[in-house]
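Okay, structure first, notes after.
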Amino acid sequence: MFTYTVWIVLIPFFLFILIGFFGHKFKPLVSGVVGTSGLFASMALSYYTAYQYFFVVGKTGDVFGKIIGYNTVWLKLTEKLHIDLGVLLDPISVMMLIVITTVSFMVHLYSIGYMQGEKGYMRFFSMLSLFSFSMLGLVVATNIFQMYIFWELVGVSSYLLIGFYYTRDTAVAASKKAFIVTRFADLGFLIGILLLSFNTGTFDFLTLTDPNGVAITQGSGIMFLGLSTMTWSMIFIFMGGAGKSAMFPLHIWLPDAMEGPTPVSALIHAATMVVAGVYLVARMFPIFHFSAPVALDVVMCVGAFSSIFAAVIACTQYDIKRVLAYSTMSQIGLMMFALGVSGYGAEEGLGFMASMFHLFTHAFFKALLFLAAGAIIHAVHSNYMNDMGGLRKHLPITHITFLIACLSIAGIPPLAGFFSKDEILAAGHEKSMMLFILGLIISALTAFYMFRLYFSIFWGKQQQYHHTPHEAPKVMTIPLILLALGAVFAGFIPFSSFVTSDGKPFASHIDFAVAIPAVLVGVLGALTAMMFYMKETNIPETISRSLGGFYRAAFRKFYIDEIYLFITKKILFNYVSRPVAWFDRHIVDGSMNGISYVTNEVSTRIKGMQSGQLQQYAWIFVSGAIGLALAFIYLWTL
């Protein structure tokens, strides 16, 4: 009955073809309307699928099972090893269908107004459709190789979207940076896939992730450097997820990706590309759990460090889109952290549920933040909060929706972010008190940098604008209002009744021993930001000066980009690339050139023997015959 779900994926693909090849025959606005209408169709089918799966046929007994909606063999390698293309429906893939199509539809609708008048309007909507097709194909993959194919398509489409303004050198550099950095990570992903398939003999998710199956135990007895090959395969697969989700130290592409149009930032950083890594770990979670504690500890440590690292940097940035980019990195780190501390099963799998819950709520408030930032930039023609202030009177709808998103991400009840972040902190608290305290610190920093952004934009110093800022058109404000509703009410969904690590629903509740400290630190962070930035004061400058080198390092993003440049330019280029280039030029090319030179010289010397003169041939023949005769006589007389 779920065969129709393939159209959820295919509709954006056909939109990409239609708009990309034939969009120039219509007025530009038609491309936006057609693209948005197509995404609405995919979204409607996704909501219908969610209803059918969660409330009609998805549950067998007390377990939400896995259903193959559509499948076809694409490439057959052996009887057992083949690559299929299909649609796998289970709690996390159905949840991701809702997230991706909803955010993508909102971005499409918003872009009709935001991108109006831009050169390449039709190209933009064609690329948006390609990106949506790639992400949808990734989350419904029936096997890990299908996921890898669409994983790379996501990389290609994000490269095209980030570099949309191809006449700007910064945009071109940012798109190349994102593509190259994630390619290094994807090499690890591919190595992990090959190790996994070598051990298990399959790519299929149903077989790989069956906790009672044989495949999950394969390779556990083969050791390398103290770890099983199954553990190594999970670490390499996580490397791919860490690159796509911008985890430290593969995060350097994320802030530069802000060079793309703001709707692209919302689509990439809210609920789609950057959460692909979280989804990958969640999809492979039974194997990660089987490979515990090492594989999950790697996920936990990378997620926790990335989260606090990005939160500290976000407190120092002035470009509002870069603040939101580092905020995304921090929130994705929290999701990874929750997966890393999770067990498997109804009682132990709180972290898994919390991670997916936060992914769901984060999609609404982070998409809202980016789209509201686009409306602000649209009004003042600047990305920098230093050029803003007092905008609440000019942009009332943007002001209210942005405030709602800030309250939600700060974990203020009863907004959506409170419920999902509370579950993450509860999962950390179950693991250890130190992890809980770390989560509280991240929560406080999150509230501080978000309300620093809010007060700097909408309060603070009243700027003298060249023109009076005005609210965005309705086609841009309607998505803000709809996403704000999600940021308010999404947390009331009893998420543990639908999405769990083993498919068995369980009852979750608010742990007040966790919730109260979390709310208090969130309020403290917001009040601190209000004291610093609601009115023009010298407090921020005084504190930044007192922090000295630490503040400068955080402002410069702890010099990670400079370290990468030093390693590549000073070390790799000078001590690896130059010697290799010299060897290639002088030894490889030199030997080939030498062989060709000798060949040419010999050819030049002996080509006279093929002159075509009969007298010369007769002389050579007679000389050769006399020489042979003399040699024969000499040998005969010995």
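Chains: A, B, ... in order of the structure tokens. Residues: from 1 per chain. Ligands: from 1, in order shown.
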
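Near A:Met388, within 7 Å and counting only C-alpha atoms, sit Ser456, Ile457 and Gln463 of chain A; same-chain residues fewer than 6 positions away were not included.
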
Worksheet entry | Those in stretch 177-378 of chain A with alpha helix (DSSP H) from DSSP, as an MDAnalysis selection string | chainID A and resid 177:200 205:208 229:244 253:256 262:270 276:283 285:290 294:314 320:340 350:378

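With only C-alpha atoms as the basis for measurement, A:Ala367 is the residue among A:Ile424, A:Val298, A:Val278, A:Ala367 that approaches A:Val107 most closely.
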
Worksheet item: So how far away is atom CA of A:Phe13 from atom CA of A:Asp186, in Å?
Response: 23.3 Å

Discussion item. Residues within 12 Å of A:Asp561, please, as a ChimeraX atom specification. Count only C-alpha atoms; anything in the same chain fewer than 3 positions from it doesn't count.
Written reply: /A:177,181,248-256,553,556-558,564-569

Save out the residues we just selected, N, CA and C atoms, as a PDB file, in the first residue's frame.
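Result written to result_18.pdb:
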```
ATOM      1  N   LYS A 177      35.170  24.914  -0.828  1.00  0.00           N
ATOM      2  CA  LYS A 177      35.603  24.505   0.507  1.00  0.00           C
ATOM      3  C   LYS A 177      34.652  23.465   1.090  1.00  0.00           C
ATOM      4  N   VAL A 181      36.063  19.613   1.724  1.00  0.00           N
ATOM      5  CA  VAL A 181      36.129  19.124   3.110  1.00  0.00           C
ATOM      6  C   VAL A 181      35.219  17.910   3.292  1.00  0.00           C
ATOM      7  N   PHE A 248      33.532  19.034  14.700  1.00  0.00           N
ATOM      8  CA  PHE A 248      34.959  19.309  14.832  1.00  0.00           C
ATOM      9  C   PHE A 248      35.753  18.030  14.528  1.00  0.00           C
ATOM     10  N   PRO A 249      36.840  18.096  13.757  1.00  0.00           N
ATOM     11  CA  PRO A 249      37.475  19.278  13.153  1.00  0.00           C
ATOM     12  C   PRO A 249      37.093  19.486  11.682  1.00  0.00           C
ATOM     13  N   LEU A 250      35.989  18.884  11.250  1.00  0.00           N
ATOM     14  CA  LEU A 250      35.564  18.982   9.851  1.00  0.00           C
ATOM     15  C   LEU A 250      34.458  20.021   9.678  1.00  0.00           C
ATOM     16  N   HIS A 251      34.451  21.013  10.577  1.00  0.00           N
ATOM     17  CA  HIS A 251      33.385  22.011  10.606  1.00  0.00           C
ATOM     18  C   HIS A 251      33.701  23.261   9.796  1.00  0.00           C
ATOM     19  N   ILE A 252      34.896  23.380   9.279  1.00  0.00           N
ATOM     20  CA  ILE A 252      35.361  24.671   8.758  1.00  0.00           C
ATOM     21  C   ILE A 252      34.578  25.154   7.542  1.00  0.00           C
ATOM     22  N   TRP A 253      33.866  24.254   6.862  1.00  0.00           N
ATOM     23  CA  TRP A 253      33.082  24.677   5.694  1.00  0.00           C
ATOM     24  C   TRP A 253      31.789  25.386   6.078  1.00  0.00           C
ATOM     25  N   LEU A 254      31.291  25.139   7.294  1.00  0.00           N
ATOM     26  CA  LEU A 254      29.944  25.578   7.657  1.00  0.00           C
ATOM     27  C   LEU A 254      29.767  27.093   7.657  1.00  0.00           C
ATOM     28  N   PRO A 255      30.598  27.870   8.370  1.00  0.00           N
ATOM     29  CA  PRO A 255      30.366  29.329   8.361  1.00  0.00           C
ATOM     30  C   PRO A 255      30.558  29.943   6.984  1.00  0.00           C
ATOM     31  N   ASP A 256      31.482  29.415   6.191  1.00  0.00           N
ATOM     32  CA  ASP A 256      31.692  29.953   4.844  1.00  0.00           C
ATOM     33  C   ASP A 256      30.496  29.685   3.935  1.00  0.00           C
ATOM     34  N   ALA A 553      40.999  34.712  20.395  1.00  0.00           N
ATOM     35  CA  ALA A 553      41.058  33.385  19.780  1.00  0.00           C
ATOM     36  C   ALA A 553      39.659  32.909  19.392  1.00  0.00           C
ATOM     37  N   ARG A 556      38.466  34.707  16.359  1.00  0.00           N
ATOM     38  CA  ARG A 556      39.137  34.175  15.158  1.00  0.00           C
ATOM     39  C   ARG A 556      38.873  32.686  14.981  1.00  0.00           C
ATOM     40  N   LYS A 557      37.855  32.182  15.678  1.00  0.00           N
ATOM     41  CA  LYS A 557      37.413  30.782  15.552  1.00  0.00           C
ATOM     42  C   LYS A 557      38.514  29.813  15.951  1.00  0.00           C
ATOM     43  N   PHE A 558      39.307  30.253  16.942  1.00  0.00           N
ATOM     44  CA  PHE A 558      40.414  29.478  17.495  1.00  0.00           C
ATOM     45  C   PHE A 558      41.446  29.093  16.422  1.00  0.00           C
ATOM     46  N   TYR A 564      44.652  24.864   9.312  1.00  0.00           N
ATOM     47  CA  TYR A 564      44.484  24.088   8.077  1.00  0.00           C
ATOM     48  C   TYR A 564      45.322  24.675   6.949  1.00  0.00           C
ATOM     49  N   LEU A 565      45.315  26.010   6.813  1.00  0.00           N
ATOM     50  CA  LEU A 565      46.106  26.644   5.759  1.00  0.00           C
ATOM     51  C   LEU A 565      47.594  26.411   5.977  1.00  0.00           C
ATOM     52  N   PHE A 566      48.034  26.484   7.241  1.00  0.00           N
ATOM     53  CA  PHE A 566      49.453  26.237   7.537  1.00  0.00           C
ATOM     54  C   PHE A 566      49.836  24.808   7.164  1.00  0.00           C
ATOM     55  N   ILE A 567      48.994  23.850   7.539  1.00  0.00           N
ATOM     56  CA  ILE A 567      49.297  22.448   7.254  1.00  0.00           C
ATOM     57  C   ILE A 567      49.324  22.198   5.752  1.00  0.00           C
ATOM     58  N   THR A 568      48.351  22.770   5.027  1.00  0.00           N
ATOM     59  CA  THR A 568      48.285  22.508   3.592  1.00  0.00           C
ATOM     60  C   THR A 568      49.362  23.261   2.817  1.00  0.00           C
ATOM     61  N   LYS A 569      49.472  24.579   3.073  1.00  0.00           N
ATOM     62  CA  LYS A 569      50.393  25.386   2.275  1.00  0.00           C
ATOM     63  C   LYS A 569      51.847  25.225   2.699  1.00  0.00           C
TER      64      LYS A 569
END
```

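The nearest approach to A:Ala276 among the residues A:Leu138, A:Ile595, A:Ile313, A:Val302, with only C-alpha atoms taken into account, belongs to A:Leu138.
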
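Residues in contact with A:Phe448 at 6 Å, where only C-alpha atoms are counted and same-chain residues fewer than 6 positions away are skipped, are listed as A:Gly525, A:Ala526, A:Ala529.
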
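Excluding A:Met531 itself and any same-chain residue fewer than 6 positions from it, the protein and nucleic acid residues within 12 Å of it, counting only C-alpha atoms, are Phe448, Phe451, Arg452, Phe455, Ser456, Trp459, Gly460, Leu524, Gly525, Thr537, Asn538, Ile539 and Pro540 of chain A.
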
Take the residues that were just selected and, keeping N, CA and C atoms, output them as a PDB file, in the first residue's frame.
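Written output follows (part-v4.pdb):
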```
ATOM      1  N   PHE A 448      22.562  32.787  25.846  1.00  0.00           N
ATOM      2  CA  PHE A 448      23.282  34.058  25.801  1.00  0.00           C
ATOM      3  C   PHE A 448      23.501  34.532  24.371  1.00  0.00           C
ATOM      4  N   PHE A 451      20.152  35.518  22.541  1.00  0.00           N
ATOM      5  CA  PHE A 451      19.544  36.783  22.960  1.00  0.00           C
ATOM      6  C   PHE A 451      20.501  37.953  22.755  1.00  0.00           C
ATOM      7  N   ARG A 452      21.782  37.706  22.684  1.00  0.00           N
ATOM      8  CA  ARG A 452      22.725  38.739  22.220  1.00  0.00           C
ATOM      9  C   ARG A 452      22.356  39.152  20.803  1.00  0.00           C
ATOM     10  N   PHE A 455      18.679  41.024  20.957  1.00  0.00           N
ATOM     11  CA  PHE A 455      18.689  42.398  21.472  1.00  0.00           C
ATOM     12  C   PHE A 455      19.511  43.329  20.581  1.00  0.00           C
ATOM     13  N   SER A 456      20.582  42.825  19.981  1.00  0.00           N
ATOM     14  CA  SER A 456      21.395  43.659  19.093  1.00  0.00           C
ATOM     15  C   SER A 456      20.627  44.067  17.849  1.00  0.00           C
ATOM     16  N   TRP A 459      16.659  45.708  19.535  1.00  0.00           N
ATOM     17  CA  TRP A 459      16.708  46.721  20.579  1.00  0.00           C
ATOM     18  C   TRP A 459      17.997  47.508  20.390  1.00  0.00           C
ATOM     19  N   GLY A 460      18.829  47.613  21.400  1.00  0.00           N
ATOM     20  CA  GLY A 460      20.128  48.249  21.255  1.00  0.00           C
ATOM     21  C   GLY A 460      20.057  49.671  20.748  1.00  0.00           C
ATOM     22  N   LEU A 524      19.080  32.719  32.886  1.00  0.00           N
ATOM     23  CA  LEU A 524      20.275  33.476  33.276  1.00  0.00           C
ATOM     24  C   LEU A 524      21.044  33.961  32.053  1.00  0.00           C
ATOM     25  N   GLY A 525      21.211  33.079  31.049  1.00  0.00           N
ATOM     26  CA  GLY A 525      21.902  33.473  29.823  1.00  0.00           C
ATOM     27  C   GLY A 525      21.166  34.579  29.095  1.00  0.00           C
ATOM     28  N   THR A 537      25.707  49.920  25.983  1.00  0.00           N
ATOM     29  CA  THR A 537      26.580  50.007  27.156  1.00  0.00           C
ATOM     30  C   THR A 537      27.999  49.636  26.744  1.00  0.00           C
ATOM     31  N   ASN A 538      28.937  49.857  27.669  1.00  0.00           N
ATOM     32  CA  ASN A 538      30.334  49.488  27.436  1.00  0.00           C
ATOM     33  C   ASN A 538      30.681  48.140  28.061  1.00  0.00           C
ATOM     34  N   ILE A 539      29.678  47.473  28.633  1.00  0.00           N
ATOM     35  CA  ILE A 539      29.953  46.202  29.328  1.00  0.00           C
ATOM     36  C   ILE A 539      30.555  45.155  28.392  1.00  0.00           C
ATOM     37  N   PRO A 540      29.988  44.913  27.189  1.00  0.00           N
ATOM     38  CA  PRO A 540      30.574  43.885  26.318  1.00  0.00           C
ATOM     39  C   PRO A 540      32.039  44.156  25.992  1.00  0.00           C
TER      40      PRO A 540
END
```

Worksheet entry | Selected residue, from A:Gly120, A:Gly590, A:Pro579, A:Gly417, that lies nearest to A:Ile493 when counting only C-alpha atoms | A:Gly417

Worksheet item: Using only C-alpha atoms, which residues sit within 7 Å of stretch 149-158 of chain A once same-chain residues fewer than 6 positions away are excluded, as a list in words?
Response: Met127, Leu130, Phe131, Ser134, Met135, Gly137, Leu138 and Phe179 of chain A

At most 7 Å is the cut-off: for each residue in stretch 58-112 of chain A with any atom that close to an atom of stretch 34-50 of chain A, write down the nearest atom pair and the distance in Å rounded to one decimal, counting only C-alpha atoms, chain first then increasing number, as a Markdown table.
```
| residue | atom | partner | partner_atom | distance |
| --- | --- | --- | --- | --- |
| A:Val94 | CA | A:Ala50 | CA | 5.9 |
| A:Leu97 | CA | A:Ser46 | CA | 5.8 |
| A:Ile98 | CA | A:Ser46 | CA | 5.8 |
| A:Thr101 | CA | A:Met43 | CA | 4.9 |
| A:Thr102 | CA | A:Met43 | CA | 6.1 |
| A:Phe105 | CA | A:Leu39 | CA | 5.4 |
| A:His108 | CA | A:Thr36 | CA | 5.2 |
| A:Leu109 | CA | A:Thr36 | CA | 5.9 |
```
